[in-house]
Amino acid sequence: MIEYVPYSGEPGAHSPAVICDTCHKQIVGEGLAVWRIKLRVKDEPRQQTPLYTTHKRECEQALHSQLNGQYPLDENWIDFSEEIDVFLKQLSKNINRSPIDDPDGS
Ligand SMILES: [Zn+2]
């Protein structure tokens with residue numbers, strides 16, 4: 001998730017940061033954006049989980065265990081992830097365009 005966190009220097013000042021959805025500490029450096037999409041059968045509507053952010057390794061594994069309860073892989077949910085820095089660059093780019101209108105899309 002993204003939260004505003006206080007920073008030193010100016011009392012009461014805050015800045016946005018990516019927070020791990022598992023341990024609730026800020027992700028500095030390596031991290032992932034994680035989500036699952038359900039494989040569609042016939043005309044089922046598209047289903048996607050909320051987007052999660054996590055540290056790699058232990059936090060990532062704990063997040064997958066949590067997701068397995070509500071979005072089990074054996075019920076056609078498929079894992080997706082992106083490096084957090086790549087995800088944020090794409091998100092920032094999409095402020096001014098719609099990816100569906102861009103054949104490159106990345
Ligand atoms: Zn974490």
# chains A, B, ... in the order shown; residues from 1 in each chain; ligands from 1
>>> closest_atom_pairs(of="chain A", to="ligand 1", cutoff="9 Å", atoms="only C-alpha atoms and all ligand atoms", output="Markdown table")
| residue | atom | partner | partner_atom_place_in_ligand_line | distance |
| --- | --- | --- | --- | --- |
| A:Ile19 | CA | ligand 1 | 1 (Zn) | 7.8 |
| A:Cys20 | CA | ligand 1 | 1 (Zn) | 4.6 |
| A:Asp21 | CA | ligand 1 | 1 (Zn) | 6.7 |
| A:Thr22 | CA | ligand 1 | 1 (Zn) | 5.1 |
| A:Cys23 | CA | ligand 1 | 1 (Zn) | 4.1 |
| A:His24 | CA | ligand 1 | 1 (Zn) | 6.2 |
| A:Lys25 | CA | ligand 1 | 1 (Zn) | 5.9 |
| A:Gln26 | CA | ligand 1 | 1 (Zn) | 7.6 |
| A:Ile27 | CA | ligand 1 | 1 (Zn) | 7.1 |
| A:Gly31 | CA | ligand 1 | 1 (Zn) | 8.6 |
| A:Thr53 | CA | ligand 1 | 1 (Zn) | 8.6 |
| A:Thr54 | CA | ligand 1 | 1 (Zn) | 5.5 |
| A:His55 | CA | ligand 1 | 1 (Zn) | 4.4 |
| A:Lys56 | CA | ligand 1 | 1 (Zn) | 7.5 |
| A:Arg57 | CA | ligand 1 | 1 (Zn) | 8.8 |
| A:Glu58 | CA | ligand 1 | 1 (Zn) | 7.5 |
| A:Cys59 | CA | ligand 1 | 1 (Zn) | 4.6 |
| A:Glu60 | CA | ligand 1 | 1 (Zn) | 7.5 |
>>> write_last_selection(atoms="C-alpha atoms", output="short mmCIF file (atom, residue, chain, number, x, y, z; two decimals), in the first residue's frame")
data_model
loop_
_atom_site.label_atom_id
_atom_site.label_comp_id
_atom_site.auth_asym_id
_atom_site.auth_seq_id
_atom_site.Cartn_x
_atom_site.Cartn_y
_atom_site.Cartn_z
CA ILE A 19 4.54 0.11 2.73
CA CYS A 20 4.79 -3.70 2.88
CA ASP A 21 1.33 -5.27 3.26
CA THR A 22 2.85 -8.10 5.31
CA CYS A 23 5.11 -6.45 7.93
CA HIS A 24 3.79 -2.87 7.53
CA LYS A 25 7.32 -1.41 7.28
CA GLN A 26 8.43 0.84 4.45
CA ILE A 27 9.85 -0.85 1.36
CA GLY A 31 10.12 -4.99 -3.28
CA THR A 53 3.09 -4.48 -2.11
CA THR A 54 5.63 -6.56 -0.26
CA HIS A 55 9.27 -7.04 0.60
CA LYS A 56 10.84 -9.95 -1.23
CA ARG A 57 11.40 -13.40 0.29
CA GLU A 58 9.86 -13.88 3.79
CA CYS A 59 7.19 -11.17 3.49
CA GLU A 60 6.42 -12.28 -0.07
#
>>> select_by_dssp(residues="chain A", states="strand (DSSP E or B)", output="number ranges by chain")
A: 2-6, 14-19, 26, 32-38, 48, 52-54, 77-83
>>> residues_around(residues="region 72-79 of chain A", least_positions_apart="2", cutoff="9 Å", atoms="only C-alpha atoms", output="list in words")
Val34, Trp35, Arg36, Ile37, Lys38, Leu39, Arg40, Gln48, His64, Leu67, Asn68, Gly69, Gln70 and Ser81 of chain A
>>> select_by_dssp(residues="chain A", states="helix (DSSP H, G or I)", output="PyMOL selection string")
chain A and resi 58-70+73-75+84-93+99-101
>>> write_last_selection(atoms="N, CA and C atoms", output="PDB file, in the first residue's frame")
ATOM      1  N   GLU A  58      10.742 -13.446   2.688  1.00  0.00           N
ATOM      2  CA  GLU A  58       9.861 -13.876   3.788  1.00  0.00           C
ATOM      3  C   GLU A  58       8.491 -13.189   3.730  1.00  0.00           C
ATOM      4  N   CYS A  59       8.478 -11.883   3.542  1.00  0.00           N
ATOM      5  CA  CYS A  59       7.195 -11.167   3.491  1.00  0.00           C
ATOM      6  C   CYS A  59       6.380 -11.614   2.271  1.00  0.00           C
ATOM      7  N   GLU A  60       7.078 -11.825   1.165  1.00  0.00           N
ATOM      8  CA  GLU A  60       6.417 -12.280  -0.069  1.00  0.00           C
ATOM      9  C   GLU A  60       5.772 -13.648   0.155  1.00  0.00           C
ATOM     10  N   GLN A  61       6.506 -14.552   0.795  1.00  0.00           N
ATOM     11  CA  GLN A  61       5.972 -15.897   1.055  1.00  0.00           C
ATOM     12  C   GLN A  61       4.757 -15.828   1.972  1.00  0.00           C
ATOM     13  N   ALA A  62       4.837 -14.978   2.992  1.00  0.00           N
ATOM     14  CA  ALA A  62       3.707 -14.837   3.916  1.00  0.00           C
ATOM     15  C   ALA A  62       2.485 -14.267   3.187  1.00  0.00           C
ATOM     16  N   LEU A  63       2.713 -13.322   2.279  1.00  0.00           N
ATOM     17  CA  LEU A  63       1.608 -12.754   1.510  1.00  0.00           C
ATOM     18  C   LEU A  63       0.956 -13.820   0.635  1.00  0.00           C
ATOM     19  N   HIS A  64       1.778 -14.640  -0.021  1.00  0.00           N
ATOM     20  CA  HIS A  64       1.217 -15.702  -0.866  1.00  0.00           C
ATOM     21  C   HIS A  64       0.399 -16.695  -0.026  1.00  0.00           C
ATOM     22  N   SER A  65       0.870 -17.009   1.167  1.00  0.00           N
ATOM     23  CA  SER A  65       0.098 -17.906   2.035  1.00  0.00           C
ATOM     24  C   SER A  65      -1.253 -17.291   2.368  1.00  0.00           C
ATOM     25  N   GLN A  66      -1.240 -15.986   2.640  1.00  0.00           N
ATOM     26  CA  GLN A  66      -2.490 -15.283   2.948  1.00  0.00           C
ATOM     27  C   GLN A  66      -3.424 -15.288   1.723  1.00  0.00           C
ATOM     28  N   LEU A  67      -2.871 -15.016   0.545  1.00  0.00           N
ATOM     29  CA  LEU A  67      -3.690 -14.979  -0.674  1.00  0.00           C
ATOM     30  C   LEU A  67      -4.266 -16.349  -1.001  1.00  0.00           C
ATOM     31  N   ASN A  68      -3.523 -17.410  -0.669  1.00  0.00           N
ATOM     32  CA  ASN A  68      -4.001 -18.760  -0.969  1.00  0.00           C
ATOM     33  C   ASN A  68      -5.326 -19.072  -0.269  1.00  0.00           C
ATOM     34  N   GLY A  69      -5.589 -18.407   0.862  1.00  0.00           N
ATOM     35  CA  GLY A  69      -6.853 -18.629   1.564  1.00  0.00           C
ATOM     36  C   GLY A  69      -8.045 -18.104   0.791  1.00  0.00           C
ATOM     37  N   GLN A  70      -7.920 -16.879   0.289  1.00  0.00           N
ATOM     38  CA  GLN A  70      -9.052 -16.226  -0.377  1.00  0.00           C
ATOM     39  C   GLN A  70      -9.030 -16.402  -1.893  1.00  0.00           C
ATOM     40  N   LEU A  73      -4.812 -20.918  -5.791  1.00  0.00           N
ATOM     41  CA  LEU A  73      -4.281 -21.212  -7.128  1.00  0.00           C
ATOM     42  C   LEU A  73      -5.036 -22.371  -7.765  1.00  0.00           C
ATOM     43  N   ASP A  74      -5.513 -23.311  -6.942  1.00  0.00           N
ATOM     44  CA  ASP A  74      -6.227 -24.451  -7.512  1.00  0.00           C
ATOM     45  C   ASP A  74      -7.671 -24.111  -7.893  1.00  0.00           C
ATOM     46  N   GLU A  75      -8.055 -22.839  -7.706  1.00  0.00           N
ATOM     47  CA  GLU A  75      -9.351 -22.368  -8.208  1.00  0.00           C
ATOM     48  C   GLU A  75      -9.150 -21.353  -9.329  1.00  0.00           C
ATOM     49  N   ILE A  84       9.002  -3.411  -7.741  1.00  0.00           N
ATOM     50  CA  ILE A  84       8.318  -2.199  -7.289  1.00  0.00           C
ATOM     51  C   ILE A  84       8.788  -0.957  -8.053  1.00  0.00           C
ATOM     52  N   ASP A  85      10.065  -0.894  -8.417  1.00  0.00           N
ATOM     53  CA  ASP A  85      10.540   0.286  -9.148  1.00  0.00           C
ATOM     54  C   ASP A  85       9.950   0.326 -10.563  1.00  0.00           C
ATOM     55  N   VAL A  86       9.810  -0.819 -11.205  1.00  0.00           N
ATOM     56  CA  VAL A  86       9.210  -0.877 -12.542  1.00  0.00           C
ATOM     57  C   VAL A  86       7.724  -0.522 -12.445  1.00  0.00           C
ATOM     58  N   PHE A  87       7.052  -1.085 -11.434  1.00  0.00           N
ATOM     59  CA  PHE A  87       5.633  -0.799 -11.221  1.00  0.00           C
ATOM     60  C   PHE A  87       5.396   0.709 -11.051  1.00  0.00           C
ATOM     61  N   LEU A  88       6.217   1.361 -10.233  1.00  0.00           N
ATOM     62  CA  LEU A  88       6.022   2.787  -9.974  1.00  0.00           C
ATOM     63  C   LEU A  88       6.305   3.631 -11.224  1.00  0.00           C
ATOM     64  N   LYS A  89       7.288   3.230 -12.033  1.00  0.00           N
ATOM     65  CA  LYS A  89       7.553   3.950 -13.284  1.00  0.00           C
ATOM     66  C   LYS A  89       6.360   3.830 -14.229  1.00  0.00           C
ATOM     67  N   GLN A  90       5.796   2.617 -14.339  1.00  0.00           N
ATOM     68  CA  GLN A  90       4.634   2.412 -15.211  1.00  0.00           C
ATOM     69  C   GLN A  90       3.444   3.215 -14.704  1.00  0.00           C
ATOM     70  N   LEU A  91       3.225   3.178 -13.405  1.00  0.00           N
ATOM     71  CA  LEU A  91       2.110   3.913 -12.811  1.00  0.00           C
ATOM     72  C   LEU A  91       2.247   5.406 -13.068  1.00  0.00           C
ATOM     73  N   SER A  92       3.445   5.923 -12.882  1.00  0.00           N
ATOM     74  CA  SER A  92       3.701   7.341 -13.107  1.00  0.00           C
ATOM     75  C   SER A  92       3.443   7.708 -14.571  1.00  0.00           C
ATOM     76  N   LYS A  93       3.858   6.842 -15.479  1.00  0.00           N
ATOM     77  CA  LYS A  93       3.637   7.069 -16.910  1.00  0.00           C
ATOM     78  C   LYS A  93       2.146   7.103 -17.235  1.00  0.00           C
ATOM     79  N   PRO A  99      -3.096   2.969 -20.765  1.00  0.00           N
ATOM     80  CA  PRO A  99      -2.338   1.896 -21.386  1.00  0.00           C
ATOM     81  C   PRO A  99      -3.126   1.150 -22.451  1.00  0.00           C
ATOM     82  N   ILE A 100      -4.442   1.135 -22.345  1.00  0.00           N
ATOM     83  CA  ILE A 100      -5.239   0.397 -23.326  1.00  0.00           C
ATOM     84  C   ILE A 100      -5.151   1.034 -24.706  1.00  0.00           C
ATOM     85  N   ASP A 101      -4.793   2.329 -24.748  1.00  0.00           N
ATOM     86  CA  ASP A 101      -4.665   3.027 -26.029  1.00  0.00           C
ATOM     87  C   ASP A 101      -3.229   3.004 -26.551  1.00  0.00           C
TER      88      ASP A 101
END
>>> residues_around(residues="region 1-8 of chain A", least_positions_apart="4", cutoff="6 Å", atoms="only C-alpha atoms", output="list in words")
Ala13, His14, Ser15, Pro16, Ala17, Val18, Ile19 and Thr53 of chain A
>>> atom_distance(atom1="CA of Gly29 (chain A)", atom2="CA of Glu82 (chain A)")
13.6 Å
>>> decode(residues="region 19-46 of chain A", atoms="N, CA and C atoms", output="compact mmCIF listing (two decimals), in the first residue's frame")
# COMPACT_ATOMS: atom_id res chain seq x y z
N ILE A 19 4.52 0.85 1.48
CA ILE A 19 4.54 0.11 2.73
C ILE A 19 4.25 -1.36 2.43
N CYS A 20 5.00 -2.26 3.06
CA CYS A 20 4.79 -3.70 2.88
C CYS A 20 3.46 -4.11 3.51
N ASP A 21 2.63 -4.82 2.74
CA ASP A 21 1.33 -5.27 3.26
C ASP A 21 1.47 -6.43 4.23
N THR A 22 2.66 -7.00 4.37
CA THR A 22 2.85 -8.10 5.31
C THR A 22 3.36 -7.58 6.66
N CYS A 23 4.50 -6.87 6.65
CA CYS A 23 5.11 -6.45 7.93
C CYS A 23 4.82 -4.99 8.26
N HIS A 24 4.20 -4.26 7.34
CA HIS A 24 3.79 -2.87 7.53
C HIS A 24 4.97 -1.91 7.75
N LYS A 25 6.17 -2.31 7.27
CA LYS A 25 7.32 -1.41 7.28
C LYS A 25 7.52 -0.89 5.86
N GLN A 26 8.21 0.25 5.77
CA GLN A 26 8.43 0.84 4.45
C GLN A 26 9.33 -0.05 3.59
N ILE A 27 9.01 -0.14 2.32
CA ILE A 27 9.85 -0.85 1.36
C ILE A 27 10.87 0.15 0.83
N VAL A 28 12.13 -0.11 1.12
CA VAL A 28 13.23 0.71 0.64
C VAL A 28 14.13 -0.22 -0.16
N GLY A 29 14.28 0.03 -1.43
CA GLY A 29 15.08 -0.86 -2.27
C GLY A 29 14.20 -1.93 -2.90
N GLU A 30 14.55 -3.18 -2.69
CA GLU A 30 13.83 -4.29 -3.34
C GLU A 30 12.42 -4.48 -2.79
N GLY A 31 11.49 -4.71 -3.68
CA GLY A 31 10.12 -4.99 -3.28
C GLY A 31 9.32 -5.39 -4.50
N LEU A 32 8.11 -5.83 -4.27
CA LEU A 32 7.26 -6.30 -5.36
C LEU A 32 5.86 -5.73 -5.25
N ALA A 33 5.23 -5.51 -6.40
CA ALA A 33 3.79 -5.33 -6.48
C ALA A 33 3.25 -6.71 -6.84
N VAL A 34 2.22 -7.17 -6.12
CA VAL A 34 1.71 -8.54 -6.28
C VAL A 34 0.20 -8.50 -6.44
N TRP A 35 -0.32 -9.29 -7.35
CA TRP A 35 -1.76 -9.42 -7.52
C TRP A 35 -2.05 -10.76 -8.16
N ARG A 36 -3.32 -11.15 -8.13
CA ARG A 36 -3.75 -12.37 -8.80
C ARG A 36 -4.94 -12.06 -9.69
N ILE A 37 -4.97 -12.77 -10.81
CA ILE A 37 -6.09 -12.66 -11.75
C ILE A 37 -6.67 -14.06 -11.93
N LYS A 38 -8.00 -14.12 -11.94
CA LYS A 38 -8.64 -15.42 -12.12
C LYS A 38 -8.77 -15.74 -13.60
N LEU A 39 -8.30 -16.92 -13.96
CA LEU A 39 -8.44 -17.40 -15.33
C LEU A 39 -9.92 -17.48 -15.66
N ARG A 40 -10.31 -16.81 -16.75
CA ARG A 40 -11.73 -16.76 -17.09
C ARG A 40 -12.18 -18.05 -17.77
N VAL A 41 -13.35 -18.49 -17.38
CA VAL A 41 -13.98 -19.63 -18.03
C VAL A 41 -15.19 -19.09 -18.78
N LYS A 42 -15.22 -19.35 -20.09
CA LYS A 42 -16.29 -18.87 -20.98
C LYS A 42 -16.47 -17.35 -20.82
N ASP A 43 -17.66 -16.90 -20.43
CA ASP A 43 -17.94 -15.47 -20.39
C ASP A 43 -17.90 -14.89 -18.98
N GLU A 44 -17.20 -15.55 -18.07
CA GLU A 44 -17.10 -15.00 -16.71
C GLU A 44 -16.47 -13.61 -16.75
N PRO A 45 -16.94 -12.72 -15.87
CA PRO A 45 -16.31 -11.39 -15.83
C PRO A 45 -14.87 -11.48 -15.31
N ARG A 46 -14.06 -10.52 -15.70
CA ARG A 46 -12.67 -10.47 -15.26
C ARG A 46 -12.63 -10.23 -13.75
